[in-house]
Amino acid sequence: MKALKRPEPINAEIILDPKETIMSKTDSKGIIEYANDYFMEVCGYEEYELIGQPHNVIRHPDMPKVIFKWLWERLQSKQNINALVKNLAKDGRYYWVITDFEVKQDDTGEIASFFARRKAPPRNTIEKISKLYSKILSIEQARGVETAEKYFIGFLEEKGMTYDEYIEDICLADKKPLDLKDLQYHKRKGLFVRLFR
């Protein structure tokens with residue numbers, strides 16, 4: 001299949017409807033097999049253009065490669081990861097999402113596909129994460145992915161958090177605290193349920 005021509009980014013944001021969910025399914029190599037209507041509406045591609053393309057076709061150049069390295073390593077080890085990602089639409093505009101993945105396995109336990117749900121993250125998280133990603137990206141461009149990854153690990157060590165914990169911390173910072181019963185239920189259900197309750 002012919003690769004899509006990547007658009008030139010412009011400094012214009014697509015504000016997502018907080019009630020809508022962007023959904024997609026890829027094969028084990030990250031090739032798009034399904035995208036829901038809201039995904040198509042937001043990214044601006046037609047289904048015939050997008051289906052069969054690698055998911056990184058919508059990756060914004062402001063995103064550090066190290067984030068996708070970590071994301072891919074986690075998915076390949078059959079673990080979920082919540083990630084804050086800046087994506088690139090067909091017209092060059094950008095949009096931010098928080099993504100929740102589900103790893104689907106075949107009868108032999110091999111990865112068959114990845115199913116992803118994406119929603120609009122809280123606005124305050126975008127400012128925090130974009131500053132961090134900008135620092136990581138500048139290090140990546142000057143010194144390479146390995147050096148940027150070391151910086152990122154140091155940043156997380158200073159916070160005493162994993163990437164997941166950091167994302168959860170900034171996403172839930174302004175949420176009303178849960179009572180103990182609700183907290184125990186929501187902790188089992190993960191960030192996505194707690195964030196969009």
# chains A, B, ... in the order shown; residues from 1 in each chain; ligands from 1

$ select_by_dssp --residues "segment 36-190 of chain A" --states "alpha helix (DSSP H)" --output "PyMOL selection string"
chain A and resi 37-43+47-50+65-76+123-143+145-159+163-171+180-189

$ write_last_selection --atoms "C-alpha atoms" --output "short mmCIF file (atom, residue, chain, number, x, y, z; two decimals), in the first residue's frame"
data_model
loop_
_atom_site.label_atom_id
_atom_site.label_comp_id
_atom_site.auth_asym_id
_atom_site.auth_seq_id
_atom_site.Cartn_x
_atom_site.Cartn_y
_atom_site.Cartn_z
CA ASP A 37 -16.26 7.49 12.80
CA TYR A 38 -15.03 9.99 15.39
CA PHE A 39 -11.43 9.05 14.65
CA MET A 40 -12.04 9.70 10.96
CA GLU A 41 -13.80 13.01 11.70
CA VAL A 42 -10.97 14.28 13.90
CA CYS A 43 -7.98 13.17 11.83
CA GLU A 47 -11.28 5.25 5.66
CA TYR A 48 -9.82 4.13 2.35
CA GLU A 49 -6.80 6.38 3.02
CA LEU A 50 -6.21 5.34 6.63
CA LYS A 65 10.47 9.16 19.88
CA VAL A 66 11.29 7.85 23.36
CA ILE A 67 7.60 7.98 24.36
CA PHE A 68 6.69 5.68 21.48
CA LYS A 69 9.68 3.46 22.25
CA TRP A 70 8.34 2.97 25.78
CA LEU A 71 4.79 2.56 24.55
CA TRP A 72 5.79 -0.10 22.01
CA GLU A 73 7.96 -1.98 24.55
CA ARG A 74 5.05 -2.14 26.99
CA LEU A 75 2.57 -3.29 24.36
CA GLN A 76 4.98 -5.93 23.05
CA ARG A 123 -6.74 20.85 29.62
CA ASN A 124 -4.30 21.42 32.50
CA THR A 125 -2.41 18.24 31.59
CA ILE A 126 -1.64 19.45 28.08
CA GLU A 127 0.43 22.39 29.31
CA LYS A 128 2.36 20.20 31.77
CA ILE A 129 3.06 17.35 29.38
CA SER A 130 3.88 19.58 26.39
CA LYS A 131 6.62 21.35 28.42
CA LEU A 132 8.11 17.99 29.40
CA TYR A 133 7.86 16.57 25.89
CA SER A 134 9.47 19.71 24.46
CA LYS A 135 12.48 19.27 26.77
CA ILE A 136 12.79 15.58 25.91
CA LEU A 137 12.46 16.31 22.18
CA SER A 138 15.17 18.99 22.25
CA ILE A 139 17.55 16.58 24.00
CA GLU A 140 16.58 13.85 21.53
CA GLN A 141 17.32 16.09 18.55
CA ALA A 142 20.65 17.27 19.98
CA ARG A 143 21.93 14.08 21.60
CA VAL A 145 16.99 8.96 21.72
CA GLU A 146 19.20 7.11 24.22
CA THR A 147 20.31 10.34 25.94
CA ALA A 148 16.74 11.68 25.94
CA GLU A 149 15.55 8.44 27.53
CA LYS A 150 18.17 8.79 30.30
CA TYR A 151 16.95 12.35 30.96
CA PHE A 152 13.34 11.14 31.08
CA ILE A 153 14.23 8.33 33.49
CA GLY A 154 16.01 10.88 35.72
CA PHE A 155 12.96 13.16 35.61
CA LEU A 156 10.69 10.31 36.73
CA GLU A 157 13.17 9.17 39.40
CA GLU A 158 13.21 12.69 40.85
CA LYS A 159 9.41 12.55 41.04
CA TYR A 163 5.50 7.15 33.57
CA ASP A 164 2.05 5.69 34.31
CA GLU A 165 2.01 7.22 37.78
CA TYR A 166 3.11 10.59 36.43
CA ILE A 167 0.39 10.57 33.76
CA GLU A 168 -2.16 9.55 36.38
CA ASP A 169 -0.95 12.25 38.76
CA ILE A 170 -1.25 15.11 36.27
CA CYS A 171 -4.53 13.82 34.79
CA LEU A 180 -12.66 4.75 50.05
CA LYS A 181 -15.20 2.34 48.51
CA ASP A 182 -15.19 4.13 45.16
CA LEU A 183 -11.40 4.46 45.29
CA GLN A 184 -10.93 0.69 45.70
CA TYR A 185 -13.29 0.02 42.76
CA HIS A 186 -11.72 2.64 40.51
CA LYS A 187 -8.14 1.60 41.35
CA ARG A 188 -8.97 -1.86 39.95
CA LYS A 189 -10.48 -0.30 36.83
#

$ closest_residue --among "A:Arg93, A:His60, A:Lys86, A:Lys25" --to "Ser113 of chain A" --atoms "only C-alpha atoms"
A:Lys25

$ residues_around --residues "Lys104 of chain A" --least-positions-apart "2" --cutoff "10 Å" --atoms "only C-alpha atoms" --output "PyMOL selection string"
chain A and resi 25+27-28+78+101-102+106+109-115

$ closest_residue --among "A:Glu46, A:Glu8, A:Asp91, A:Asp17" --to "Tyr34 of chain A" --atoms "only C-alpha atoms"
A:Glu46

$ select_by_dssp --residues "chain A" --states "strand (DSSP E)" --output "tab-separated table (two decimals) with C-alpha atoms, in the first residue's frame"
chain	number	residue	atom	x	y	z
A	22	ILE	CA	-11.65	7.90	19.35
A	23	MET	CA	-11.21	4.18	18.77
A	24	SER	CA	-8.90	2.18	16.58
A	25	LYS	CA	-7.60	-1.34	16.14
A	26	THR	CA	-4.26	-2.31	14.69
A	27	ASP	CA	-2.60	-5.61	13.95
A	32	ILE	CA	-4.59	0.19	11.22
A	33	GLU	CA	-7.39	-2.32	10.68
A	34	TYR	CA	-10.29	-0.27	12.06
A	35	ALA	CA	-11.01	3.33	13.00
A	82	ASN	CA	-1.83	5.15	29.33
A	83	ALA	CA	-0.09	7.79	27.26
A	84	LEU	CA	-0.65	11.47	26.55
A	85	VAL	CA	-0.06	11.97	22.84
A	86	LYS	CA	-0.12	14.87	20.40
A	87	ASN	CA	-1.43	13.69	17.03
A	88	LEU	CA	-1.34	15.23	13.55
A	94	TYR	CA	-2.96	18.89	16.00
A	95	TYR	CA	-5.02	17.30	18.74
A	96	TRP	CA	-4.14	15.89	22.15
A	97	VAL	CA	-5.43	12.55	23.43
A	98	ILE	CA	-5.04	10.32	26.42
A	99	THR	CA	-4.87	6.75	25.18
A	100	ASP	CA	-5.79	3.48	26.83
A	101	PHE	CA	-4.69	0.26	25.12
A	102	GLU	CA	-6.00	-3.26	25.24
A	103	VAL	CA	-3.71	-6.04	24.02
A	104	LYS	CA	-5.63	-8.85	22.29
A	105	GLN	CA	-4.00	-12.28	22.22
A	111	ILE	CA	-0.33	-10.75	20.27
A	112	ALA	CA	-3.07	-10.63	17.64
A	113	SER	CA	-3.99	-6.95	17.78
A	114	PHE	CA	-4.12	-3.75	19.80
A	115	PHE	CA	-7.34	-1.92	20.54
A	116	ALA	CA	-7.03	1.72	21.62
A	117	ARG	CA	-9.49	4.17	23.13
A	118	ARG	CA	-8.65	7.86	23.15
A	119	LYS	CA	-10.34	10.82	24.76

$ closest_residue --among "A:Pro54, A:Gly160, A:Gly144, A:Pro121" --to "Ala173 of chain A" --atoms "only C-alpha atoms"
A:Pro121

$ atom_distance --atom1 "atom CA of Ser77 of chain A" --atom2 "atom CA of Thr21 of chain A"
25.4 Å

$ atom_distance --atom1 "atom CA of Thr162 of chain A" --atom2 "atom CA of Ile14 of chain A"
29.1 Å
